[in-house]
Amino acid sequence: MQKEKRIDTIIKNDTLSPQETLSWAYNTFGNRVSIVTSFQLEGLVIIDMAYTLKCPIRVVTIDTGRLNSETHTLIDQIREKYNLEIETFFPNHDSLNNMVSKFGTNPFYKSVSLRLMCCQIRKVDPMKQILLDNDAWITGIRRSQTITRNDITKIQKDTSYNKDKIKINPLADWTYEQVWEYIKEKNIPYNELYDKGYTSIGCAPCTRPIKPNEDIRSGRWWWEKGEMPKECGLHVGPSWGRSN
Ligand code: SF4
């Protein structure tokens, strides 16, 4: 069967296990698929699964320049544990310089549009660069994380960046509890901020621990009360939240 047809067939099949999904991804795309991760729990599960399956893993991350030191510590632990090279993408220097010169180091607290500008420069633009060198990307997003993700499938055409790219979400139907069970069972190192009340970890100035019974993503951009979904734009595309 031609590659295109095989992809269309598999997209309709949302019953694969995470391991079957990963095996399909590597069999189909070889070294043209990457695990794109910020080293949250879900990304760690996927790296471990792919490593256990002996897949030809490529791990890619975006260093926004505003990560917690705990996240850098974890990245080093994962690099060592799995003997991985971790491809690291950074924001464009000129864009960053321009933004900080005009709006300061922490523009995101001032308005939603400035927050989206910062996410665009520090996350979304580097993501576009990552996809230039990949036909598909593997993510850790799950349906139950937030309302903007509740209709994702395990294998889908990438509607955010380029419909010719394939987006693979092996844990789409997993719960937060299942993710933790896997992490504990396999004794995988994780970001120590989780033990300090964090349930979702992004950039340091935009993430805080949550209180009991709060939504797991409520610690992200917590000051934007009810204004915007808890998204940075990586999973909804380059022009998300913008009028142009
Ligand atoms: S999460 Fe905050 S610091 Fe990070 S890119 Fe978005 S606005 Fe900027």
# chains A, B, ... in the order shown; residues from 1 in each chain; ligands from 1
call {"tool": "residues_near_ligand", "arguments": {"ligand": "ligand 1", "cutoff": "10 Å", "atoms": "only C-alpha atoms and all ligand atoms", "output": "compact mmCIF listing (two decimals) with N, CA, C and O atoms, in the first residue's frame"}}
result
# COMPACT_ATOMS: atom_id res chain seq x y z
N ASP A 63 14.36 25.12 24.26
CA ASP A 63 14.79 25.84 25.45
C ASP A 63 14.37 27.29 25.27
O ASP A 63 14.99 28.04 24.51
N THR A 64 13.31 27.66 25.96
CA THR A 64 12.72 29.00 25.78
C THR A 64 13.58 30.10 26.38
O THR A 64 13.33 31.28 26.16
N GLY A 65 14.55 29.70 27.18
CA GLY A 65 15.37 30.69 27.90
C GLY A 65 14.77 31.06 29.24
O GLY A 65 15.36 31.83 29.99
N ARG A 66 13.55 30.52 29.55
CA ARG A 66 12.89 30.86 30.81
C ARG A 66 12.52 29.60 31.60
O ARG A 66 11.61 29.61 32.42
N LEU A 67 13.22 28.51 31.34
CA LEU A 67 12.90 27.26 32.03
C LEU A 67 13.41 27.29 33.48
O LEU A 67 14.36 28.00 33.80
N PRO A 91 14.94 30.24 20.82
CA PRO A 91 14.26 31.34 20.10
C PRO A 91 15.25 32.10 19.23
O PRO A 91 16.44 32.16 19.53
N THR A 105 11.50 42.26 30.11
CA THR A 105 11.80 40.83 30.26
C THR A 105 10.55 40.00 30.53
O THR A 105 10.49 38.83 30.17
N ASN A 106 9.57 40.61 31.21
CA ASN A 106 8.37 39.86 31.59
C ASN A 106 7.10 40.49 31.00
O ASN A 106 6.20 40.91 31.73
N PRO A 107 7.00 40.55 29.68
CA PRO A 107 5.84 41.23 29.09
C PRO A 107 4.53 40.50 29.31
O PRO A 107 3.45 41.10 29.28
N PHE A 108 4.63 39.20 29.56
CA PHE A 108 3.44 38.33 29.60
C PHE A 108 2.44 38.69 30.68
O PHE A 108 1.26 38.42 30.55
N TYR A 109 2.89 39.36 31.76
CA TYR A 109 1.93 39.72 32.82
C TYR A 109 1.08 40.93 32.43
O TYR A 109 0.08 41.22 33.06
N VAL A 112 -2.76 39.70 27.49
CA VAL A 112 -2.81 38.42 26.79
C VAL A 112 -2.03 38.49 25.49
O VAL A 112 -1.30 37.58 25.12
N SER A 113 -2.18 39.61 24.77
CA SER A 113 -1.50 39.67 23.47
C SER A 113 0.03 39.66 23.63
O SER A 113 0.73 39.05 22.83
N LEU A 114 0.53 40.28 24.70
CA LEU A 114 1.98 40.23 24.92
C LEU A 114 2.41 38.83 25.36
O LEU A 114 3.49 38.35 25.01
N ARG A 115 1.54 38.18 26.11
CA ARG A 115 1.86 36.79 26.50
C ARG A 115 1.93 35.91 25.26
O ARG A 115 2.86 35.10 25.08
N LEU A 116 0.96 36.08 24.37
CA LEU A 116 0.96 35.27 23.14
C LEU A 116 2.18 35.60 22.27
O LEU A 116 2.75 34.72 21.63
N MET A 117 2.59 36.87 22.28
CA MET A 117 3.78 37.23 21.51
C MET A 117 5.01 36.51 22.07
O MET A 117 5.84 35.98 21.31
N CYS A 118 5.12 36.48 23.38
CA CYS A 118 6.26 35.81 24.01
C CYS A 118 6.26 34.31 23.68
O CYS A 118 7.28 33.74 23.29
N CYS A 119 5.07 33.67 23.81
CA CYS A 119 4.97 32.24 23.48
C CYS A 119 5.29 32.01 22.01
O CYS A 119 5.90 31.01 21.64
N GLN A 120 4.87 32.93 21.18
CA GLN A 120 5.14 32.79 19.74
C GLN A 120 6.66 32.78 19.49
O GLN A 120 7.19 31.92 18.79
N ILE A 121 7.35 33.75 20.07
CA ILE A 121 8.79 33.88 19.81
C ILE A 121 9.58 32.78 20.50
O ILE A 121 10.51 32.20 19.91
N ARG A 122 9.20 32.48 21.73
CA ARG A 122 10.02 31.53 22.49
C ARG A 122 9.67 30.06 22.21
O ARG A 122 10.47 29.18 22.45
N LYS A 123 8.42 29.79 21.76
CA LYS A 123 8.01 28.39 21.58
C LYS A 123 7.56 28.06 20.15
O LYS A 123 8.02 27.10 19.55
N VAL A 124 6.61 28.84 19.67
CA VAL A 124 5.97 28.46 18.40
C VAL A 124 6.93 28.60 17.22
O VAL A 124 6.99 27.72 16.35
N ILE A 201 4.27 21.73 33.90
CA ILE A 201 5.47 22.55 34.08
C ILE A 201 5.91 23.14 32.74
O ILE A 201 6.23 22.42 31.80
N GLY A 202 5.89 24.47 32.69
CA GLY A 202 6.37 25.17 31.50
C GLY A 202 7.48 26.12 31.89
O GLY A 202 8.39 25.75 32.62
N CYS A 203 7.40 27.38 31.42
CA CYS A 203 8.42 28.38 31.78
C CYS A 203 8.23 28.80 33.24
O CYS A 203 7.10 28.91 33.73
N ALA A 204 9.34 29.12 33.90
CA ALA A 204 9.32 29.45 35.32
C ALA A 204 8.37 30.60 35.68
O ALA A 204 7.57 30.47 36.61
N PRO A 205 8.41 31.73 34.95
CA PRO A 205 7.57 32.84 35.41
C PRO A 205 6.08 32.64 35.12
O PRO A 205 5.26 33.42 35.59
N CYS A 206 5.74 31.62 34.35
CA CYS A 206 4.35 31.42 33.93
C CYS A 206 3.73 30.15 34.49
O CYS A 206 2.69 29.69 34.00
N THR A 207 4.40 29.55 35.46
CA THR A 207 3.90 28.28 36.02
C THR A 207 4.00 28.34 37.53
O THR A 207 5.00 28.81 38.08
N ARG A 220 -0.78 27.20 35.03
CA ARG A 220 -0.17 27.87 33.86
C ARG A 220 -0.90 29.20 33.61
O ARG A 220 -2.12 29.23 33.56
N TRP A 221 -0.15 30.27 33.44
CA TRP A 221 -0.71 31.61 33.15
C TRP A 221 -1.91 31.88 34.07
O TRP A 221 -2.98 32.29 33.62
N GLU A 231 -3.18 27.36 26.87
CA GLU A 231 -2.35 26.89 25.76
C GLU A 231 -1.30 27.94 25.42
O GLU A 231 -1.55 29.14 25.52
N CYS A 232 -0.14 27.48 24.97
CA CYS A 232 0.90 28.42 24.54
C CYS A 232 0.88 28.61 23.04
O CYS A 232 1.51 29.52 22.51
N GLY A 233 0.17 27.73 22.34
CA GLY A 233 0.11 27.82 20.88
C GLY A 233 0.81 26.66 20.19
O GLY A 233 0.60 26.44 19.01
call {"tool": "residues_around", "arguments": {"residues": "A:Asn169", "least_positions_apart": "4", "cutoff": "12 Å", "atoms": "only C-alpha atoms", "output": "ChimeraX atom specification"}}
result
/A:11,14,16-22,25,34-37,42-43,45-46,136-143,149,151-158,173-174,235
call {"tool": "closest_atom_pairs", "arguments": {"of": "stretch 66-158 of chain A", "to": "stretch 192-196 of chain A", "cutoff": "12 Å", "atoms": "only C-alpha atoms", "output": "JSON lines"}}
result
{"residue": "A:Leu67", "atom": "CA", "partner": "A:Leu193", "partner_atom": "CA", "distance": 12.0}
{"residue": "A:Asn68", "atom": "CA", "partner": "A:Leu193", "partner_atom": "CA", "distance": 9.1}
{"residue": "A:Ser69", "atom": "CA", "partner": "A:Leu193", "partner_atom": "CA", "distance": 10.1}
{"residue": "A:Glu70", "atom": "CA", "partner": "A:Glu192", "partner_atom": "CA", "distance": 6.6}
{"residue": "A:Thr71", "atom": "CA", "partner": "A:Glu192", "partner_atom": "CA", "distance": 8.3}
{"residue": "A:His72", "atom": "CA", "partner": "A:Glu192", "partner_atom": "CA", "distance": 11.1}
{"residue": "A:Thr73", "atom": "CA", "partner": "A:Glu192", "partner_atom": "CA", "distance": 9.3}
{"residue": "A:Leu74", "atom": "CA", "partner": "A:Glu192", "partner_atom": "CA", "distance": 8.2}
{"residue": "A:Ile75", "atom": "CA", "partner": "A:Glu192", "partner_atom": "CA", "distance": 11.8}
{"residue": "A:Gln77", "atom": "CA", "partner": "A:Glu192", "partner_atom": "CA", "distance": 11.8}
call {"tool": "write_last_selection", "arguments": {"atoms": "N, CA and C atoms", "output": "PDB file, in the first residue's frame"}}
result
ATOM      1  N   LEU A  67      13.225  28.509  31.344  1.00  0.00           N
ATOM      2  CA  LEU A  67      12.896  27.258  32.035  1.00  0.00           C
ATOM      3  C   LEU A  67      13.407  27.286  33.476  1.00  0.00           C
ATOM      4  N   ASN A  68      12.804  26.455  34.315  1.00  0.00           N
ATOM      5  CA  ASN A  68      13.284  26.281  35.681  1.00  0.00           C
ATOM      6  C   ASN A  68      14.610  25.529  35.676  1.00  0.00           C
ATOM      7  N   SER A  69      15.436  25.783  36.682  1.00  0.00           N
ATOM      8  CA  SER A  69      16.693  25.026  36.763  1.00  0.00           C
ATOM      9  C   SER A  69      16.404  23.547  37.011  1.00  0.00           C
ATOM     10  N   GLU A  70      15.278  23.263  37.676  1.00  0.00           N
ATOM     11  CA  GLU A  70      14.908  21.855  37.909  1.00  0.00           C
ATOM     12  C   GLU A  70      14.681  21.135  36.575  1.00  0.00           C
ATOM     13  N   THR A  71      14.165  21.838  35.600  1.00  0.00           N
ATOM     14  CA  THR A  71      13.939  21.212  34.287  1.00  0.00           C
ATOM     15  C   THR A  71      15.268  20.910  33.612  1.00  0.00           C
ATOM     16  N   HIS A  72      16.221  21.834  33.707  1.00  0.00           N
ATOM     17  CA  HIS A  72      17.550  21.562  33.125  1.00  0.00           C
ATOM     18  C   HIS A  72      18.209  20.372  33.812  1.00  0.00           C
ATOM     19  N   THR A  73      18.038  20.272  35.123  1.00  0.00           N
ATOM     20  CA  THR A  73      18.609  19.132  35.852  1.00  0.00           C
ATOM     21  C   THR A  73      18.017  17.827  35.322  1.00  0.00           C
ATOM     22  N   LEU A  74      16.689  17.829  35.146  1.00  0.00           N
ATOM     23  CA  LEU A  74      16.026  16.617  34.645  1.00  0.00           C
ATOM     24  C   LEU A  74      16.501  16.274  33.228  1.00  0.00           C
ATOM     25  N   ILE A  75      16.657  17.267  32.383  1.00  0.00           N
ATOM     26  CA  ILE A  75      17.096  16.991  31.007  1.00  0.00           C
ATOM     27  C   ILE A  75      18.449  16.277  31.031  1.00  0.00           C
ATOM     28  N   GLN A  77      19.573  14.413  33.444  1.00  0.00           N
ATOM     29  CA  GLN A  77      19.348  13.041  33.949  1.00  0.00           C
ATOM     30  C   GLN A  77      18.846  12.125  32.837  1.00  0.00           C
TER      31      GLN A  77
END
call {"tool": "atom_distance", "arguments": {"atom1": "atom CA of A:Glu185", "atom2": "atom CA of A:Leu44"}}
result
12.7 Å
call {"tool": "select_by_dssp", "arguments": {"residues": "stretch 2-191 of chain A", "states": "strand (DSSP E or B)", "output": "ChimeraX atom specification"}}
result
/A:33-36,59-62,67,86-89,136-138,155-157,166-168
call {"tool": "select_by_dssp", "arguments": {"residues": "stretch 29-107 of chain A", "states": "alpha helix (DSSP H)", "output": "PyMOL selection string"}}
result
chain A and resi 29+41-52+69-82+93-103
call {"tool": "atom_distance", "arguments": {"atom1": "atom CA of A:Arg217", "atom2": "atom CA of A:Ser200"}}
result
5.8 Å
call {"tool": "atom_distance", "arguments": {"atom1": "atom CA of A:Pro209", "atom2": "atom CA of A:Lys184"}}
result
20.6 Å
